[in-house]
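Enquirer: Just entry07.txt, nothing more (compact mmCIF, C-alpha atoms):
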```
# COMPACT_ATOMS: atom_id res chain seq x y z
CA MET E 1 62.04 57.49 191.07
CA ARG E 2 60.64 54.30 189.54
CA ALA E 3 58.34 54.87 186.58
CA VAL E 4 56.93 53.15 183.53
CA VAL E 5 58.70 54.69 180.54
CA HIS E 6 58.50 54.40 176.76
CA HIS E 7 60.87 55.89 174.19
CA GLU E 8 58.75 55.49 171.06
CA PHE E 9 55.18 54.97 169.89
CA GLY E 10 54.05 51.39 169.52
CA GLY E 11 52.26 48.49 171.16
CA PRO E 12 52.21 47.55 174.84
CA ASP E 13 55.70 46.09 174.53
CA VAL E 14 57.25 49.58 174.29
CA LEU E 15 56.43 50.05 177.99
CA GLY E 16 59.13 49.18 180.48
CA LEU E 17 59.90 49.82 184.12
CA GLY E 18 62.67 52.42 184.41
CA THR E 19 63.45 55.65 186.17
CA ALA E 20 62.46 59.27 185.76
CA GLY E 21 63.34 62.49 187.52
CA LEU E 22 61.36 63.56 190.57
CA PRO E 23 58.91 66.27 189.41
CA GLU E 24 58.67 69.55 191.29
CA PRO E 25 55.24 71.15 191.77
CA GLY E 26 54.66 74.47 190.06
CA PRO E 27 52.15 77.17 190.99
CA GLY E 28 48.80 75.65 191.91
CA GLN E 29 50.11 72.09 191.83
CA VAL E 30 50.86 69.39 194.36
CA ARG E 31 53.20 66.45 194.13
CA VAL E 32 51.49 63.17 194.97
CA ARG E 33 53.10 59.98 196.19
CA VAL E 34 51.12 57.69 193.93
CA VAL E 35 49.43 54.70 195.52
CA ALA E 36 47.23 53.75 192.56
CA ALA E 37 46.98 54.84 188.93
CA GLY E 38 44.08 54.15 186.60
CA VAL E 39 44.61 52.54 183.19
CA ASN E 40 42.49 53.97 180.38
CA PRO E 41 41.92 53.24 176.69
CA ALA E 42 43.20 56.78 176.12
CA ASP E 43 46.52 55.79 177.74
CA CYS E 44 46.87 53.08 175.10
CA GLN E 45 45.98 55.48 172.28
CA ILE E 46 48.48 58.04 173.56
CA ARG E 47 51.15 55.32 173.78
CA SER E 48 50.45 54.24 170.20
CA GLY E 49 50.54 57.82 168.87
CA LEU E 50 46.87 57.83 167.84
CA LEU E 51 46.07 60.80 170.10
CA GLN E 52 49.19 62.82 169.36
CA GLU E 53 47.00 65.65 168.02
CA PHE E 54 45.23 66.00 171.37
CA PHE E 55 47.92 64.76 173.80
CA PRO E 56 51.34 65.67 172.36
CA THR E 57 54.01 63.25 173.59
CA THR E 58 57.73 63.90 173.99
CA PHE E 59 60.14 61.08 174.75
CA PRO E 60 61.02 59.55 177.10
CA ALA E 61 57.41 59.54 178.24
CA VAL E 62 55.66 58.33 181.39
CA PRO E 63 52.01 57.34 180.74
CA GLY E 64 49.02 57.81 183.00
CA LEU E 65 46.21 60.37 183.25
CA GLU E 66 44.77 59.73 186.73
CA LEU E 67 45.99 58.94 190.21
CA ALA E 68 45.20 58.49 193.85
CA GLY E 69 47.74 58.96 196.60
CA VAL E 70 49.16 61.16 199.33
CA VAL E 71 50.25 64.77 198.93
CA ASP E 72 54.03 64.89 199.21
CA ALA E 73 54.77 68.55 198.38
CA VAL E 74 52.70 71.68 197.72
CA GLY E 75 53.55 74.21 195.03
CA PRO E 76 53.43 78.02 195.31
CA GLY E 77 50.00 79.55 195.72
CA ARG E 78 48.28 76.35 196.75
CA THR E 79 46.86 76.95 200.23
CA ASP E 80 43.85 74.62 200.32
CA VAL E 81 45.74 71.36 200.82
CA ALA E 82 48.54 70.10 203.08
CA VAL E 83 51.26 67.50 202.90
CA GLY E 84 49.91 64.15 204.07
CA GLU E 85 46.38 64.56 202.75
CA GLU E 86 44.90 61.75 200.63
CA VAL E 87 43.74 62.92 197.21
CA PHE E 88 42.71 61.68 193.77
CA GLY E 89 42.44 63.37 190.40
CA PHE E 90 44.13 64.11 187.10
CA ALA E 91 47.88 63.74 186.71
CA ALA E 92 49.79 66.65 185.17
CA THR E 93 52.76 64.33 184.74
CA GLY E 94 52.50 60.61 184.05
CA SER E 95 50.88 58.72 186.91
CA TYR E 96 52.55 55.38 186.19
CA ALA E 97 55.27 56.43 188.60
CA GLU E 98 56.11 56.70 192.28
CA TYR E 99 55.39 60.45 192.19
CA ALA E 100 53.33 62.67 189.92
CA LEU E 101 52.07 66.23 189.83
CA SER E 102 48.41 67.25 189.89
CA GLY E 103 46.55 70.53 189.62
CA ALA E 104 43.03 69.08 189.40
CA PHE E 105 42.20 66.89 192.37
CA ALA E 106 39.92 66.41 195.38
CA ARG E 107 40.28 64.83 198.78
CA LYS E 108 39.75 61.10 198.89
CA PRO E 109 37.01 60.05 201.32
CA ALA E 110 38.26 57.78 204.09
CA GLY E 111 35.79 55.07 203.13
CA VAL E 112 36.95 54.90 199.50
CA SER E 113 40.09 52.86 198.76
CA PHE E 114 42.98 54.30 196.77
CA GLU E 115 42.26 51.79 193.99
CA ALA E 116 38.58 52.77 193.84
CA ALA E 117 39.48 56.46 193.89
CA ALA E 118 42.00 56.03 191.05
CA ALA E 119 39.22 54.53 188.93
CA LEU E 120 37.03 57.64 189.19
CA PRO E 121 38.67 60.70 187.56
CA VAL E 122 38.76 59.93 183.84
CA ALA E 123 35.54 57.91 183.71
CA THR E 124 33.43 60.32 185.74
CA GLU E 125 34.86 63.52 184.22
CA THR E 126 34.36 62.17 180.71
CA ALA E 127 30.83 61.01 181.47
CA ARG E 128 29.82 64.28 183.06
CA ARG E 129 31.46 66.41 180.36
CA VAL E 130 29.57 64.62 177.59
CA LEU E 131 26.27 64.57 179.48
CA ASP E 132 26.64 68.34 179.86
CA LEU E 133 27.50 68.76 176.16
CA LEU E 134 24.37 66.79 175.33
CA ALA E 135 22.34 68.72 177.92
CA VAL E 136 20.78 65.49 179.19
CA ARG E 137 18.00 66.23 181.63
CA GLU E 138 15.14 64.70 183.57
CA GLY E 139 12.59 62.77 181.56
CA GLU E 140 14.79 62.32 178.48
CA THR E 141 16.10 59.13 176.89
CA LEU E 142 19.84 58.76 176.28
CA LEU E 143 21.26 56.15 173.92
CA LEU E 144 24.67 55.15 175.27
CA HIS E 145 27.01 53.05 173.13
CA GLY E 146 29.53 51.09 175.18
CA ALA E 147 27.53 51.19 178.38
CA ALA E 148 29.48 48.40 180.10
CA GLY E 149 32.87 50.12 179.94
CA ALA E 150 34.19 52.37 182.69
CA VAL E 151 32.99 55.61 181.08
CA GLY E 152 29.71 53.98 180.12
CA GLN E 153 29.02 52.77 183.64
CA ALA E 154 29.74 56.22 185.06
CA ALA E 155 27.46 57.78 182.44
CA VAL E 156 24.62 55.37 183.26
CA GLN E 157 24.78 56.31 186.93
CA LEU E 158 25.20 60.07 186.42
CA ALA E 159 22.43 60.20 183.82
CA ALA E 160 20.11 58.26 186.13
CA LEU E 161 20.85 60.77 188.89
CA ARG E 162 19.62 63.46 186.48
CA GLY E 163 16.36 61.56 186.02
CA ALA E 164 17.10 60.36 182.49
CA THR E 165 16.40 56.92 181.02
CA VAL E 166 19.49 55.22 179.56
CA VAL E 167 19.32 52.68 176.75
CA GLY E 168 22.77 51.12 176.76
CA THR E 169 24.40 48.96 174.09
CA ALA E 170 26.54 46.10 175.34
CA SER E 171 27.19 42.42 174.81
CA PRO E 172 24.47 40.15 176.27
CA ALA E 173 26.86 38.95 178.99
CA ASN E 174 26.74 42.47 180.48
CA HIS E 175 22.99 43.02 180.30
CA ALA E 176 22.08 41.85 183.81
CA TYR E 177 24.81 44.06 185.27
CA LEU E 178 23.57 47.10 183.33
CA ARG E 179 20.01 46.49 184.52
CA ASP E 180 21.31 46.57 188.08
CA LEU E 181 22.90 49.96 187.33
CA GLY E 182 19.56 51.23 186.05
CA ALA E 183 20.01 51.02 182.27
CA VAL E 184 17.86 49.35 179.63
CA PRO E 185 20.38 47.11 177.84
CA VAL E 186 20.32 46.22 174.15
CA ALA E 187 22.77 44.12 172.16
CA TYR E 188 24.92 45.89 169.59
CA GLY E 189 25.35 44.58 166.05
CA GLU E 190 23.01 44.02 163.12
CA GLY E 191 19.43 45.06 163.86
CA LEU E 192 20.45 47.56 166.55
CA ALA E 193 18.15 50.31 165.32
CA ASP E 194 15.08 48.10 165.66
CA ARG E 195 16.13 46.93 169.13
CA VAL E 196 16.58 50.52 170.27
CA ARG E 197 13.17 51.50 168.87
CA ASP E 198 11.61 48.60 170.77
CA ALA E 199 13.36 49.69 173.97
CA ALA E 200 12.58 53.39 173.47
CA PRO E 201 9.40 53.72 171.36
CA GLN E 202 9.20 57.38 172.37
CA GLY E 203 12.48 58.03 170.56
CA VAL E 204 16.02 58.94 171.56
CA ASP E 205 16.75 62.49 172.74
CA ALA E 206 20.56 62.27 172.75
CA VAL E 207 23.36 59.83 171.88
CA PHE E 208 26.64 59.30 173.73
CA ASP E 209 29.09 57.12 171.80
CA ALA E 210 31.67 55.65 174.17
CA ALA E 211 32.29 52.58 171.99
CA GLY E 212 33.45 53.75 168.58
CA ARG E 213 32.26 50.60 166.80
CA ASN E 214 30.86 52.43 163.76
CA ALA E 215 27.93 53.50 165.91
CA LEU E 216 27.45 56.97 164.41
CA PRO E 217 25.43 56.10 161.27
CA VAL E 218 22.78 54.22 163.25
CA SER E 219 22.83 56.95 165.89
CA ILE E 220 22.05 59.59 163.26
CA GLU E 221 19.28 57.37 161.92
CA LEU E 222 17.76 57.02 165.39
CA ARG E 223 17.93 60.79 165.86
CA GLY E 224 15.79 61.23 162.75
CA GLY E 225 18.65 61.98 160.38
CA THR E 226 20.14 64.82 162.41
CA THR E 227 23.55 64.98 164.10
CA ASP E 228 22.14 67.29 166.77
CA ARG E 229 22.81 66.05 170.33
CA ILE E 230 25.22 63.28 169.33
CA VAL E 231 28.75 63.24 170.79
CA THR E 232 31.50 60.62 170.52
CA ILE E 233 34.62 60.08 172.57
CA ALA E 234 35.69 56.99 170.64
CA ASP E 235 35.17 57.41 166.88
CA HIS E 236 38.09 59.31 165.33
CA GLY E 237 36.19 59.53 162.05
CA ALA E 238 33.46 61.60 163.70
CA ALA E 239 34.06 64.62 161.46
CA ASP E 240 33.14 62.54 158.41
CA HIS E 241 29.66 62.21 159.91
CA GLY E 242 29.41 65.80 161.15
CA VAL E 243 29.48 64.63 164.77
CA PRO E 244 31.59 66.32 167.50
CA PHE E 245 34.52 64.35 168.92
CA SER E 246 35.15 65.30 172.55
CA PRO E 247 38.71 64.50 173.74
CA GLY E 248 38.65 66.56 176.94
CA GLY E 249 39.25 70.18 177.82
CA THR E 250 37.49 70.63 181.17
CA PRO E 251 39.22 73.45 183.09
CA PRO E 252 41.18 72.12 186.11
CA GLU E 253 39.13 74.08 188.65
CA VAL E 254 35.89 72.71 187.18
CA ALA E 255 37.24 69.15 187.10
CA ALA E 256 38.36 69.48 190.73
CA ALA E 257 34.88 70.62 191.78
CA TRP E 258 33.34 67.68 189.93
CA PHE E 259 35.77 65.28 191.61
CA ALA E 260 34.70 66.54 195.03
CA GLU E 261 31.04 65.90 194.14
CA HIS E 262 31.85 62.48 192.67
CA ALA E 263 33.85 61.57 195.76
CA GLN E 264 30.83 62.31 197.94
CA LEU E 265 28.61 60.18 195.70
CA ALA E 266 31.17 57.36 195.85
CA ALA E 267 31.34 57.57 199.63
CA GLU E 268 27.53 57.31 199.74
CA GLY E 269 27.56 54.27 197.43
CA ARG E 270 25.68 56.14 194.68
CA LEU E 271 28.52 56.19 192.14
CA THR E 272 31.09 53.51 191.47
CA VAL E 273 33.47 52.49 188.71
CA PRO E 274 34.42 48.94 189.68
CA VAL E 275 38.05 47.87 189.63
CA VAL E 276 38.18 44.55 187.80
CA GLU E 277 41.90 43.87 188.14
CA THR E 278 45.02 45.43 189.65
CA PHE E 279 48.59 45.14 188.41
CA ALA E 280 51.97 46.00 189.85
CA LEU E 281 53.71 48.92 188.13
CA ALA E 282 56.10 46.52 186.40
CA HIS E 283 53.16 44.85 184.63
CA ALA E 284 51.81 47.99 182.91
CA ALA E 285 52.31 46.41 179.48
CA LYS E 286 50.07 43.49 180.47
CA ALA E 287 47.39 45.92 181.67
CA HIS E 288 47.55 47.81 178.36
CA ALA E 289 47.25 44.59 176.37
CA LEU E 290 44.17 43.62 178.38
CA SER E 291 42.65 47.09 177.96
CA GLU E 292 43.13 46.97 174.21
CA GLY E 293 41.25 43.67 174.11
CA GLY E 294 38.10 45.76 174.54
CA HIS E 295 36.15 43.51 176.91
CA VAL E 296 36.99 45.02 180.31
CA ARG E 297 33.88 45.74 182.42
CA GLY E 298 35.22 48.47 184.66
CA LYS E 299 38.72 49.70 185.38
CA LEU E 300 42.21 48.31 185.42
CA VAL E 301 44.45 49.89 188.05
CA LEU E 302 48.20 49.90 188.66
CA THR E 303 49.40 49.81 192.26
CA VAL E 304 52.66 51.55 193.09
```
Take the structure in this file and express it as structure tokens.

Expert:
Amino acid sequence: MRAVVHHEFGGPDVLGLGTAGLPEPGPGQVRVRVVAAGVNPADCQIRSGLLQEFFPTTFPAVPGLELAGVVDAVGPGRTDVAVGEEVFGFAATGSYAEYALSGAFARKPAGVSFEAAAALPVATETARRVLDLLAVREGETLLLHGAAGAVGQAAVQLAALRGATVVGTASPANHAYLRDLGAVPVAYGEGLADRVRDAAPQGVDAVFDAAGRNALPVSIELRGGTTDRIVTIADHGAADHGVPFSPGGTPPEVAAAWFAEHAQLAAEGRLTVPVVETFALAHAAKAHALSEGGHVRGKLVLTV
């Protein structure tokens, strides 16, 4: 099958269109004919070797953590899905390929495109996982660093559905968009603490760092000097500040249940992670280079 393959760690240029063996579904898995695959900052960090501790890579490697497509084969013990059904979810093998395996997925609503569905899994699972770790609830104020990115946008919407107020850091060009999502935007950079205090005079109950731009010291300051209820998914020096780094770990059955709920919200127009650009599989390196630029408001998606 056609697949994006790399044989070493490095920059986007290590990615090339090649071939890989057709994967066979194991117990509890399905094989999916991939229609669309999401591109994530984590994909770039795995490709570079930065996340080797959390996502061990053996070469040759096919990147890609999320997919949307059509079930092509069903593994032993999987009785809740049939060949031909449209699904989206996490990829157990690299999703930058014509076929990939999945054990954590949900049915794609008919009114949600494959590209839109492929944008949901990583962003919404990450957002929900961290919101749960922070125990964000109705009436609280969440400070969200990197609110305009894919994970940030999902977190704004899911936190708002919980009844929380979100103060989101972002560049001024993204402020109007974040207001439309329901967040209170503030510009990052020098003077951030004062801007957050002006936006949330009652204080900040929890902090979600999805940006990693040295946001932890000011976050601790805004939490009154404590690291309690601060979580980062982007700062690999989190341990130096005593802050938890959350790379993943949601059990597949839990992730699948979340995906089903998120799919319903997407179908109702209450949750969206916008696709800002699509690329053919052969242009995966270009998509990675754009992702690493750090100014993508939404998701990049590969079409297969």

Enquirer: Write out as a ChimeraX atom specification which residues come within 12 Å of E:Arg31 when counting all atoms listed in the file, dropping same-chain ones fewer than 5 positions away.

Expert: /E:22-26,67-76,78,81-95,97-105

Enquirer: Counting only C-alpha atoms, what is within 12 Å of stretch 285-287 of chain E, bar same-chain residues fewer than 5 positions away, as a ChimeraX atom specification?

Expert: /E:4-6,10-17,37-41,43-44,47,63,96,276-280,292-294,296,299-303

Enquirer: Of the candidates E:Ala106, E:Ala119, E:Ala215, E:Ala148, which shows the shortest atom-to-atom distance to E:Ala263, using all atoms listed in the file?

Expert: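 Looking only at the distances to E:Ala263, the closest residue turns out to be E:Ala106.
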
Enquirer: Residues near E:Thr19, anyone? I mean within 7 Å using only C-alpha atoms, not counting same-chain ones fewer than 6 positions away, as an MDAnalysis selection string.

Expert: chainID E and resid 1:3

Enquirer: I need the chosen residues saved as a PDB file, in the coordinates of the input, with C-alpha atoms.

Expert:
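File written: again_14.pdb
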```
ATOM      1  CA  MET E   1      62.040  57.490 191.070  1.00  0.00           C
ATOM      2  CA  ARG E   2      60.640  54.300 189.540  1.00  0.00           C
ATOM      3  CA  ALA E   3      58.340  54.870 186.580  1.00  0.00           C
TER       4      ALA E   3
END
```

Enquirer: To test the calculation: enclose all listed atoms of stretch 261-268 of chain E in a box whose edges run along x, y and z, add 6 Å on each side, then state centre and edge lengths in Å to one decimal, as AutoDock Vina command-line options.

Expert:
```
--center_x 30.7 --center_y 61.6 --center_z 196.2 --size_x 18.3 --size_y 20.6 --size_z 19.1
```
